[in-house]
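data.tsv follows (TSV, C-alpha atoms):
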```tsv
chain	number	residue	atom	x	y	z
K	930	MET	CA	6.66	-12.32	-9.73
K	931	THR	CA	6.96	-11.52	-6.04
K	932	SER	CA	7.90	-13.04	-2.74
K	933	VAL	CA	4.90	-11.30	-1.21
K	934	SER	CA	2.05	-13.75	-1.22
K	935	GLY	CA	-1.48	-12.70	-2.11
K	936	GLY	CA	-0.92	-9.21	-3.40
K	937	PHE	CA	0.18	-5.80	-2.41
K	938	PHE	CA	-2.10	-5.06	0.52
K	939	LYS	CA	-1.41	-8.45	2.03
K	940	GLY	CA	2.30	-7.69	1.61
K	941	LEU	CA	1.87	-4.44	3.53
K	942	ALA	CA	0.00	-6.35	6.26
K	943	GLN	CA	2.92	-8.82	6.50
K	944	LEU	CA	5.25	-5.87	6.78
K	945	LEU	CA	3.27	-4.37	9.69
K	946	ASP	CA	3.24	-7.76	11.40
K	947	THR	CA	7.03	-7.91	11.07
K	948	LEU	CA	7.20	-4.53	12.76
K	949	LEU	CA	4.89	-5.88	15.46
K	950	LYS	CA	7.43	-8.64	16.15
K	951	ALA	CA	10.14	-5.97	16.25
K	952	VAL	CA	8.25	-4.08	18.93
K	953	SER	CA	9.06	-6.93	21.32
K	954	GLN	CA	12.68	-5.75	21.05
K	955	PHE	CA	11.59	-2.30	22.10
K	956	ARG	CA	13.00	-2.61	25.61
K	957	GLU	CA	16.43	-2.36	24.00
K	958	ILE	CA	15.76	1.31	23.32
K	959	ILE	CA	16.73	2.96	26.58
K	960	ASP	CA	17.19	6.48	25.28
K	961	GLN	CA	13.84	8.27	25.81
K	962	LYS	CA	14.16	10.51	22.76
K	963	HIS	CA	14.91	7.53	20.55
K	964	ARG	CA	12.02	5.60	22.11
K	965	ARG	CA	9.53	8.42	21.48
K	966	GLU	CA	10.72	8.83	17.88
K	967	THR	CA	10.27	5.10	17.32
K	968	VAL	CA	6.71	5.16	18.66
K	969	ARG	CA	5.95	8.27	16.60
K	970	ASP	CA	7.23	6.69	13.38
K	971	ILE	CA	5.33	3.45	13.94
K	972	LEU	CA	2.16	5.42	14.64
K	973	ALA	CA	2.77	7.44	11.46
K	974	ALA	CA	3.21	4.20	9.47
K	975	CYS	CA	-0.07	2.88	10.93
K	976	LEU	CA	-1.78	6.11	9.95
K	977	VAL	CA	-0.52	5.90	6.37
K	978	ALA	CA	-1.49	2.21	6.22
K	979	ASN	CA	-5.01	3.23	7.28
K	980	GLU	CA	-5.13	5.80	4.50
K	981	ILE	CA	-3.96	3.16	2.03
K	982	VAL	CA	-6.81	0.93	3.21
K	983	ARG	CA	-9.30	3.77	2.79
K	984	MET	CA	-8.07	4.55	-0.73
K	985	GLY	CA	-8.01	0.84	-1.56
K	986	ARG	CA	-11.67	0.56	-0.56
K	987	LEU	CA	-12.48	3.57	-2.73
K	988	CYS	CA	-10.70	1.88	-5.66
K	989	SER	CA	-12.73	-1.28	-5.00
K	990	SER	CA	-15.96	0.67	-5.02
K	991	LEU	CA	-15.05	2.11	-8.43
K	992	GLN	CA	-14.85	-1.26	-10.11
K	993	ASP	CA	-17.62	-2.09	-12.54
K	994	ARG	CA	-17.44	-5.79	-13.38
K	995	SER	CA	-19.57	-5.50	-16.52
K	996	LEU	CA	-17.37	-2.76	-17.99
K	997	PHE	CA	-14.21	-4.83	-17.71
K	998	ALA	CA	-15.65	-8.08	-18.97
K	999	ARG	CA	-14.16	-9.00	-22.34
H	503	MET	CA	-21.65	3.50	-18.63
H	504	SER	CA	-22.17	6.51	-20.91
H	505	GLU	CA	-19.36	8.24	-22.80
H	506	ALA	CA	-19.45	11.24	-20.44
H	507	GLU	CA	-19.39	8.98	-17.39
H	508	ARG	CA	-16.45	7.00	-18.76
H	509	GLY	CA	-14.30	10.16	-19.00
H	510	SER	CA	-14.85	11.18	-15.39
H	511	TYR	CA	-14.52	7.55	-14.30
H	512	ALA	CA	-11.08	7.32	-15.94
H	513	SER	CA	-9.98	10.60	-14.30
H	514	GLU	CA	-11.12	9.36	-10.91
H	515	CYS	CA	-9.20	6.09	-11.35
H	516	LEU	CA	-6.09	8.04	-12.25
H	517	ARG	CA	-6.46	10.36	-9.26
H	518	LEU	CA	-6.84	7.42	-6.87
H	519	LEU	CA	-3.80	5.67	-8.32
H	520	ARG	CA	-1.71	8.82	-8.02
H	521	ASP	CA	-2.80	9.36	-4.39
H	522	GLN	CA	-2.15	5.72	-3.61
H	523	LEU	CA	1.35	5.85	-5.08
H	524	HIS	CA	2.10	8.95	-3.01
H	525	ARG	CA	1.02	7.14	0.16
H	526	LEU	CA	3.18	4.16	-0.72
H	527	GLU	CA	6.17	6.49	-1.12
H	528	VAL	CA	5.42	8.08	2.28
H	529	PHE	CA	5.08	4.62	3.84
H	530	SER	CA	8.40	3.54	2.38
H	531	LYS	CA	10.17	6.72	3.58
H	532	LEU	CA	8.78	6.25	7.08
H	533	LEU	CA	10.19	2.74	7.23
H	534	GLU	CA	13.54	3.68	5.72
H	535	ASP	CA	14.07	6.28	8.43
H	536	ALA	CA	12.30	4.53	11.30
H	537	PRO	CA	14.53	4.02	14.35
H	538	VAL	CA	12.74	0.69	14.92
H	539	VAL	CA	14.48	-0.78	11.87
H	540	GLU	CA	17.81	-0.23	13.63
H	541	ILE	CA	16.88	-2.62	16.43
H	542	LEU	CA	15.56	-5.43	14.26
H	543	ASP	CA	17.43	-8.67	14.75
H	544	ALA	CA	18.94	-10.37	11.71
H	545	THR	CA	15.96	-12.68	11.11
H	546	LEU	CA	13.42	-9.86	11.22
H	547	LYS	CA	15.61	-7.69	9.03
H	548	ARG	CA	15.75	-10.46	6.42
H	549	GLU	CA	11.97	-10.87	6.68
H	550	LEU	CA	11.46	-7.13	6.18
H	551	ASP	CA	13.88	-7.02	3.24
H	552	ALA	CA	12.10	-9.96	1.59
H	553	ILE	CA	8.73	-8.19	1.86
H	554	ILE	CA	9.91	-4.78	0.66
H	555	GLY	CA	12.22	-6.34	-1.89
H	556	THR	CA	13.68	-4.91	-5.07
H	557	LYS	CA	12.25	-3.77	-8.39
H	558	GLU	CA	12.19	-7.42	-9.44
H	559	GLU	CA	10.69	-8.89	-6.29
H	560	GLY	CA	8.55	-7.84	-3.35
H	561	LEU	CA	6.43	-4.74	-2.79
H	562	MET	CA	8.77	-2.59	-4.88
H	563	SER	CA	8.00	-4.71	-7.91
H	564	VAL	CA	4.32	-3.82	-7.54
H	565	GLY	CA	5.00	-0.11	-7.02
H	566	ALA	CA	7.25	0.08	-10.11
H	567	PRO	CA	4.58	-0.63	-12.79
H	568	LEU	CA	2.27	1.81	-11.04
H	569	GLY	CA	4.97	4.50	-11.27
H	570	ILE	CA	5.55	3.74	-14.95
H	571	TYR	CA	1.83	3.85	-15.60
H	572	LEU	CA	1.49	7.27	-13.95
H	573	MET	CA	4.48	8.56	-15.93
H	574	MET	CA	3.51	7.16	-19.33
H	575	GLY	CA	-0.28	7.08	-19.09
H	576	PRO	CA	-2.53	4.26	-20.23
H	577	LEU	CA	-0.95	2.13	-22.96
H	578	PRO	CA	-3.47	-0.53	-23.96
H	579	SER	CA	-2.59	-3.24	-26.45
H	580	GLU	CA	-3.27	-2.57	-30.15
H	581	ALA	CA	-5.39	-5.70	-30.33
H	582	ASP	CA	-7.66	-4.50	-27.54
H	583	GLU	CA	-7.89	-1.05	-29.15
H	584	LYS	CA	-9.03	-2.64	-32.44
H	585	VAL	CA	-11.69	-4.74	-30.75
H	586	SER	CA	-13.01	-2.29	-28.16
H	587	GLY	CA	-11.93	1.21	-29.25
H	588	ILE	CA	-9.26	3.36	-27.62
H	589	GLU	CA	-11.34	4.69	-24.74
H	590	LEU	CA	-12.57	1.37	-23.40
H	591	ALA	CA	-9.17	-0.22	-24.02
H	592	ARG	CA	-7.54	2.48	-21.89
H	593	ILE	CA	-10.03	2.03	-19.08
H	594	ARG	CA	-9.39	-1.72	-19.17
H	595	TYR	CA	-5.68	-1.03	-18.99
H	596	GLN	CA	-6.26	1.10	-15.89
H	597	ALA	CA	-8.19	-1.79	-14.38
H	598	GLU	CA	-5.22	-4.06	-15.04
H	599	VAL	CA	-2.93	-1.67	-13.16
H	600	LEU	CA	-5.41	-1.74	-10.28
H	601	SER	CA	-5.33	-5.51	-10.48
H	602	VAL	CA	-1.56	-5.48	-9.98
H	603	LEU	CA	-2.06	-3.29	-6.93
H	604	PHE	CA	-4.81	-5.44	-5.48
H	605	THR	CA	-3.55	-8.92	-6.18
H	606	GLY	CA	0.15	-8.69	-7.08
H	607	ASN	CA	-0.62	-10.53	-10.34
H	608	GLU	CA	0.91	-9.06	-13.44
H	609	SER	CA	-0.95	-11.16	-15.92
H	610	GLY	CA	-1.38	-8.61	-18.72
H	611	ALA	CA	-4.36	-9.13	-20.97
H	612	ASN	CA	-5.79	-11.84	-18.74
H	613	ALA	CA	-5.69	-9.71	-15.62
H	614	HIS	CA	-8.89	-9.56	-13.66
H	615	ILE	CA	-9.75	-7.94	-10.38
H	616	ASP	CA	-10.79	-10.33	-7.67
H	617	LEU	CA	-12.71	-7.93	-5.47
H	618	ASP	CA	-13.40	-10.48	-2.74
H	619	SER	CA	-9.72	-11.25	-2.41
H	620	ALA	CA	-8.80	-7.54	-2.57
H	621	THR	CA	-11.32	-6.76	0.18
H	622	ALA	CA	-9.94	-9.60	2.33
H	623	ASN	CA	-6.39	-8.25	1.83
H	624	LEU	CA	-7.52	-4.75	2.77
H	625	ASP	CA	-9.21	-6.12	5.91
H	626	GLU	CA	-5.97	-7.93	6.76
H	627	LEU	CA	-3.94	-4.74	6.30
H	628	GLN	CA	-6.35	-2.77	8.47
H	629	ALA	CA	-6.22	-5.42	11.22
H	630	ALA	CA	-2.39	-5.57	11.10
H	631	GLY	CA	-2.21	-1.77	11.42
H	632	GLU	CA	-4.57	-1.87	14.38
H	633	ARG	CA	-2.60	-4.66	16.13
H	634	LEU	CA	0.62	-2.69	15.72
H	635	ARG	CA	-0.93	0.60	16.83
H	636	ARG	CA	-2.45	-1.01	19.94
H	637	ARG	CA	0.86	-2.66	20.86
H	638	VAL	CA	2.98	0.50	20.60
H	639	THR	CA	0.49	2.55	22.56
H	640	GLU	CA	1.06	0.13	25.48
H	641	LEU	CA	4.75	1.03	25.49
H	642	VAL	CA	4.48	4.68	26.50
H	643	SER	CA	2.34	6.64	28.96
H	644	HIS	CA	-1.16	7.83	28.09
H	645	GLU	CA	0.00	11.48	28.18
H	646	ASP	CA	2.89	10.70	25.83
H	647	ILE	CA	0.74	8.80	23.39
H	648	LEU	CA	-1.57	11.79	22.86
H	649	LEU	CA	1.38	14.03	22.02
H	650	LEU	CA	3.08	11.38	19.89
H	651	ALA	CA	-0.12	10.72	17.95
H	652	LYS	CA	-0.22	14.40	16.98
H	653	ASP	CA	3.46	14.32	15.99
H	654	ALA	CA	2.86	11.14	13.99
H	655	GLU	CA	0.08	12.82	12.04
H	656	LYS	CA	2.33	15.78	11.25
H	657	ARG	CA	5.15	13.46	10.21
H	658	ALA	CA	2.92	11.34	7.99
H	659	HIS	CA	1.68	14.41	6.15
H	660	SER	CA	5.01	16.22	5.94
H	661	LEU	CA	6.73	13.58	3.80
```
Rendering of file as structure tokens:
Amino acid sequence: MTSVSGGFFKGLAQLLDTLLKAVSQFREIIDQKHRRETVRDILAACLVANEIVRMGRLCSSLQDRSLFAR
Amino acid sequence: MSEAERGSYASECLRLLRDQLHRLEVFSKLLEDAPVVEILDATLKRELDAIIGTKEEGLMSVGAPLGIYLMMGPLPSEADEKVSGIELARIRYQAEVLSVLFTGNESGANAHIDLDSATANLDELQAAGERLRRRVTELVSHEDILLLAKDAEKRAHSL
């Protein structure tokens, strides 16, 4: 179904790791305003990823194996 | 689980799914607009495109059924309704949507939630976020990072 292996959260983790590789190209951003905006947006993405993790854990805690057994 | 508990359980599942979808939309908007995407080299850009993907492939393909589910509501199969009753069939359907979110498997009636694997994936996501956060904070001064962290919080919650 998908080129992302091992599910959605793993896919998001791969995505963040791709951005991590991109950060090595960061020196190419000379303009200070641009540089600050880039850092801000990456930090915002990390923050949202953390919230996704928190909600994902809440979803996990809601699962009741016996209820879903057929 | 009692009948009364099942109702509030289903509402809670729905609320979590809705919140999660909203966060995924915010995440996607942040990346669409992020200046960092402009400096990606061709290989990284291809890698990023392959992960995000389209409605047929990649992360978008997982978000799409979740969006449809939230628009249309739970639509369990008639067979499951006959065997288990509408309420339990709907709750099972919700679990299957969660399964898509957790594992990326869209296996319909045979879907099951592998909690161990989901937890491992969540741990991986958390660790990747932390690696990235730590790396970018090394790129600007300590004073800047405090201000940028506040701006980042505002940006994440304004989308």
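When the distance limit is 8 Å and all atoms listed in the file are what count, the residues near K:Val968, minus those fewer than 3 positions from it on the same chain, are K:Arg964, K:Arg965, K:Ile971, K:Leu972, H:Val638, H:Thr639, H:Leu650.
Straight-line separation from atom CA of K:Lys939 to atom CA of K:Asp970: 20.8 Å.
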Considering all atoms listed in the file, return as a list of chain:residue names whatever protein or nucleic-acid residues lie within 9 Å of K:Leu944, sequence-local ones (same chain, fewer than 2 positions apart) excluded.
-> K:Lys939, K:Gly940, K:Leu941, K:Ala942, K:Asp946, K:Thr947, K:Leu948, K:Leu949, H:Glu549, H:Leu550, H:Ile553, H:Ile554, H:Ala630
Using only C-alpha atoms, the shortest atom-to-atom distance to H:Leu533 among K:Ile959, K:Arg969, K:Phe938, K:Lys950 belongs to K:Arg969
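Interatomic distance, atom CA of H:Glu632 to atom CA of H:Arg517: 26.7 Å.
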Name the residues in contact with K:Ala974 at a cut-off of 12 Å, using only C-alpha atoms, excluding same-chain residues fewer than 2 positions from it; report them as a PyMOL selection string.
-> (chain K and resi 941-942+944-945+948-949+967-972+976-981) or (chain H and resi 525-536+538+627-628+630-632+634-635+638+651+654-659+661)
Shell of 12 Å around K:Ile958, all atoms listed in the file, local chain residues under 4 positions omitted, as a list of chain:residue names | K:Ala951, K:Val952, K:Ser953, K:Gln954, K:Lys962, K:His963, K:Arg964, K:Arg965, K:Glu966, K:Thr967, K:Val968, H:Pro537, H:Val538, H:Val539, H:Glu540, H:Ile541, H:Leu542, H:Leu641
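Nearest residue to chain H, choosing from K:Ala973, K:Leu987, K:Asp960, K:Phe955 and counting all atoms listed in the file: K:Ala973.
Distance-wise, atom CA of K:Met984 and atom CA of H:Asp653 end up 22.5 Å apart.
Counting only C-alpha atoms, the residue from H:Val642, H:Asp551, H:Leu577, H:Gln522 that sits nearest to K:Gly985 is H:Gln522.
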